[in-house]
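Remarks on the structure that follows.
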Amino acid sequence: MTKREFKKLFNNRIVLLDGGMGTLLQKMGMPAGVCPEKWACENTDLIQSLQKKYVEAGANIIYSFTFGANPIKLSEYGLAEETYSINKTLAMAARKAAGEKGLVAGDISSCGSLLAPYGNIEFEEAVNSFKEQIKGLLDGGVDLFVIETMMDLQEARAAIIAIKELCDLPVIATMTYEPNMRTLMGSDPVSALVTLQSLGADAVGCNCSSGPVEMVEIISKMKPYAKVPLVAKPNAGKPRFKKGKTVFDMDAESFASYAEALVEAGANALGGCCGTTPEYIEKLAEATKNLYPVEVERKPYSLACSNRQTVEIHPSLPFAVIGERLNPTGKKALKEALLKGDMDYVSDIAREQVEAGAKLLDINAGVPGIDEKDVLVSMIDAVCNAVSAPILIDTSNAEALEKALRIYPGRAIINSISGERDKLEKFLPLAKKYGAMFVLLPVNDTGVPETAEERIAIIKDVYRKARKMGFTKEDILVDGLVMTVASNPEAALEALKVINWCHKRFKTNTTMGLSNVSFGLPAREHVNSAFLAMAVANGLSTAIMNPNSKQMMDLVRASDVLSARDRSAINYTEFYSGEVVSKENASNAKEGLKSLYDAIISGDRNNIEELVRQELISGRLAKDLIDGELIPAIQKVGELYEKGKYFLPQLIRGAEAMEKAMAILTPELIKDGGESTESKGTVVIATVKGDVHDIGKNIVAMLLKNYGFNVIDLGKDVEGSRIIEAAKEHKADIIALSALMTTTMGEMPKVMELVRKEGLNCSMMVGGAVLDKNYAESFGAHYSNDAYSAVKLAEKLMNDNLH
């Protein structure tokens, strides 16, 4: 199937996808604890009969039963070597079931563990793992691919890249969202959409973890930015435990009743996930037969994003400041840091710029004597871990650019692509492959043109070439190319002519390296400020500048008000009414040295140990450091997470920094004549029998440890009897269980039955994407919807037990 044919499939119709498979196959005899895909290979007639029912119910596209058939996941069952054959066999089975009426999507999902730096799977390892699966699916005859139930946007990117590097078939990509409308790793619906559609996904959406009600809002948030069809594949409502079985609370009729709302929100394709059956798809078919895709006015913005935040660029929106301080040119301290590999310095500068008001950050690793490719990637990792702001990748090295674009977990901006032949031939294809925006620099092989007319001619020429590759004006920021007025009095005026032309006639967004205008002059900030005001008046959209310059940022905020970009002066009023507190006034700041408190807040895992040792050498007691700095800091990290200012990566880094500090302080605590910190309680934690997904469980275990609990981690696919034995042996106060799949969540009530049978005096808390509070309470357990709430719940349970 070609991409054009796939796009045509959505013309004037709602495309129907299939429904759930796992729970139905369990009812048909699939044993718990086996590899589902391997069992399916041995029972292809059963698989085909079920998939055929979905086609008969009205599904236009059915998924191959290969959800977990990547070699990393299959290795849990010792089946990695069978990756190709399993995928080919199950693709062929689906192909046979679909017949001539249906299309087959090769189904790809998570490797089952977090990608680095939060897990032990490197990005290229994930790409190669997916490639092994894709080869089998291709030879099995799939028409397209679907990447589904992804919790990490970076892993979804790895799967798309793997597909694109092996074939040109269409790709559907759907993420799964938590109740806070973000994925497990903190991605919001718009950032996920922008990243995936820019990278080459032909349809984007959401599946699993929630019912149709919640997905209406997710789809509606995506729609104004969508250039591709949107997909919704919800669960059959919420799970609950009834008469010894896990059931979902929404019948087929109720489920299908939300079809109209989902279509009105912007969905182009509907299907079902956990708890749905062919009957649900049949009802969806009836509900959608007179429904047609809605047209929503798409926002005409240039969009750059990280995996957690999207920045919209447009003349009608507030001016977007691009932080310039991560370019080592003329910055001795940054050069030295890059030569030493000190990425904490890079993280600190990134945070300082964002706190000062930068919306994007320019990153440049151009220092003689270093490997630019590796250092640029390290800088990007440091920035992504420190802040949510999207980035500009500032390099003239094509190899460094590709390496950086490949691992950046969002939509970056290339700074820059000029009219030079070498740049056009090397950089434009990279921008296309990885879905990046780019800064169009009006320079060609003859040099830097002095007049606006010459620059405009280059802009038109580069845009013509870019347009042939599928780029639009929204994908470009034109650089006005300001030079210093110290050597050319007309330099500023010529740049302003370009900006004005782009704004009024060419209708594209613009940028420039602002400080160039004053090079060689004294008191440069005054010239920079005046030029910025003139440029904004001529329609400048963004500028690469120093956001830590108060004078410049004051001018930006005032200009936004005067140019009606900050309507009703909301941002201006909020800032100057004292809502924003500068970092310089922070009460816990230390002269020249980061405090332990700050190190935990910023997740400084590299320097925390040295900071602890320095504090101990200065004479401070371990107990004072723990009680006075570490505990308040990790509590603050939790508060920031609860408020949505921090996301899971920051939560993990703070916990890891705390863990390193405690490893040094615990022995010192005993030396000081005290005892090691008193445990808040003992938690036995495990992923239930038959479930090999342990991402969430591992994160919860780590956080519990660093918040003072004694954690006994039994791993994944754990028998109920072993959980009970461990609870007895360690005198557990709490048993914590995780399950990702509807086929395994039923093990949780069984463990609770064993707890009661053995008369254990302990609480049970449960979590997982398919669970909710009602399901947990139906068998007497307590529910937490994310890692930090699990810590708060454990603290509450222990406190209740004391009273």
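Starting from 1 in every chain, residues are counted up; chains themselves are A, B, ... following the order of the structure tokens, and ligands are numbered from 1 as listed.
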
Margin query: Write out as JSON, numbers by chain the set of residues from range 251-443 of chain A that DSSP, computed on the backbone, places in alpha helix (DSSP H).
Written below: {"A": [252, 253, 254, 255, 256, 259, 260, 261, 262, 263, 264, 265, 278, 279, 280, 281, 282, 283, 284, 285, 286, 287, 288, 332, 333, 334, 335, 336, 337, 338, 339, 340, 343, 344, 345, 346, 347, 348, 349, 350, 351, 352, 353, 354, 355, 356, 372, 373, 374, 375, 376, 377, 378, 379, 380, 381, 382, 383, 384, 385, 386, 398, 399, 400, 401, 402, 403, 404, 405, 406, 407, 421, 422, 423, 424, 425, 426, 427, 428, 429, 430, 431, 432, 433, 434]}

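Using only C-alpha atoms, the shortest contact distance between Glu81 in chain A and any of A:Ala69, A:Val354, A:Val448, A:Leu392 is found at A:Ala69.
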
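Minimum atom-to-atom distances from A:Ile349, A:Leu144, A:Cys206, A:Met702 to Asn548 in chain A were compared using only C-alpha atoms, and the lowest value belongs to A:Ile349.
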
Listing only residues of range 143-239 of chain A within 8 Å of range 642-658 of chain A, what is the closest atom pair and its distance in Å (to one decimal) for each, using only C-alpha atoms, sorted by chain and residue number ascending, as a tab-separated table?
```
residue	atom	partner	partner_atom	distance
A:Leu184	CA	A:Leu648	CA	7.0
A:Met185	CA	A:Leu648	CA	5.4
A:Gly186	CA	A:Phe647	CA	5.3
```

Note to self: Need to verify the contact set: Ala530 in chain A, 12 Å, only C-alpha atoms, exclusion of same-chain residues closer than 3 positions in sequence. Can you return it as an MDAnalysis selection string?
What the structure shows: chainID A and resid 492 514:515 517:518 524:527 533:537 551:552 555:556 559

Save out the residues we just selected, N, CA and C atoms, as a CSV table (one decimal), in the first residue's frame.
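To be explicit, this is the file written out as out_9.csv:
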```
chain,number,residue,atom,x,y,z
A,492,ALA,N,22.2,47.1,9.3
A,492,ALA,CA,20.9,46.9,10.0
A,492,ALA,C,19.7,47.2,9.1
A,514,LEU,N,21.0,38.3,17.0
A,514,LEU,CA,20.8,39.8,17.2
A,514,LEU,C,22.1,40.5,17.5
A,515,SER,N,23.0,39.9,18.3
A,515,SER,CA,24.2,40.6,18.8
A,515,SER,C,25.2,40.9,17.7
A,517,VAL,N,24.8,42.7,15.2
A,517,VAL,CA,24.7,44.1,14.7
A,517,VAL,C,25.6,45.0,15.4
A,518,SER,N,26.0,44.7,16.7
A,518,SER,CA,26.9,45.6,17.5
A,518,SER,C,28.3,45.2,17.6
A,524,ARG,N,27.5,47.6,23.8
A,524,ARG,CA,26.8,46.9,22.7
A,524,ARG,C,25.3,46.7,23.0
A,525,GLU,N,24.9,46.5,24.3
A,525,GLU,CA,23.6,46.2,24.7
A,525,GLU,C,22.6,47.3,24.2
A,526,HIS,N,23.0,48.6,24.2
A,526,HIS,CA,22.1,49.6,23.8
A,526,HIS,C,21.8,49.5,22.3
A,527,VAL,N,22.8,49.2,21.5
A,527,VAL,CA,22.6,49.0,20.1
A,527,VAL,C,21.7,47.8,19.8
A,533,ALA,N,14.1,46.4,18.9
A,533,ALA,CA,12.8,47.1,18.8
A,533,ALA,C,12.4,47.4,17.4
A,534,MET,N,13.4,47.8,16.6
A,534,MET,CA,13.1,48.1,15.2
A,534,MET,C,12.7,46.8,14.4
A,535,ALA,N,13.4,45.7,14.7
A,535,ALA,CA,13.1,44.4,14.1
A,535,ALA,C,11.8,43.9,14.4
A,536,VAL,N,11.4,44.0,15.7
A,536,VAL,CA,10.0,43.6,16.1
A,536,VAL,C,9.0,44.4,15.3
A,537,ALA,N,9.2,45.7,15.2
A,537,ALA,CA,8.3,46.5,14.5
A,537,ALA,C,8.1,46.1,13.0
A,551,GLN,N,17.8,44.1,30.3
A,551,GLN,CA,17.4,45.1,29.4
A,551,GLN,C,16.7,44.6,28.2
A,552,MET,N,17.3,43.5,27.6
A,552,MET,CA,16.8,42.9,26.4
A,552,MET,C,15.4,42.2,26.7
A,555,LEU,N,12.6,44.7,27.1
A,555,LEU,CA,12.2,45.2,25.8
A,555,LEU,C,11.3,44.2,25.1
A,556,VAL,N,11.6,42.9,25.2
A,556,VAL,CA,10.8,41.9,24.5
A,556,VAL,C,9.4,41.9,25.1
A,559,SER,N,7.6,45.1,24.1
A,559,SER,CA,7.2,45.0,22.6
A,559,SER,C,6.0,44.1,22.4
```

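One distance worth recording is that between CA of Gly419 in chain A and CA of Leu440 in chain A, which is 8.2 Å.
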
Distance table requested - range 432-546 of chain A against range 154-175 of chain A, cut-off 12 Å, only C-alpha atoms: one row per qualifying residue with the closest atom pair and its distance in Å to one decimal, ordered by chain and rising residue number, as JSON lines.
```
{"residue": "A:Lys432", "atom": "CA", "partner": "A:Lys164", "partner_atom": "CA", "distance": 11.8}
{"residue": "A:Lys433", "atom": "CA", "partner": "A:Lys164", "partner_atom": "CA", "distance": 8.7}
{"residue": "A:Tyr434", "atom": "CA", "partner": "A:Ile161", "partner_atom": "CA", "distance": 8.3}
{"residue": "A:Gly435", "atom": "CA", "partner": "A:Arg157", "partner_atom": "CA", "distance": 10.9}
```

Next item on the list: With a distance cut-off of 8 Å and only C-alpha atoms, select the neighbouring residues of Gly141 in chain A, excluding the residue or stretch itself and same-chain residues fewer than 2 positions from it, and output the selection as a list in words.
Entry: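 Close residues of Gly141 in chain A: Lys88, Ala91, Met92, Arg95, Leu137, Leu138, Asp139 and Asp143 of chain A.
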
Checklist line | strand (DSSP E or B) positions in range 228-427 of chain A, given as a ChimeraX atom specification | finding: /A:230-233,239-242,245-248,269-270,302-305,310-313,320-326,360-363,391-394,411,413-418
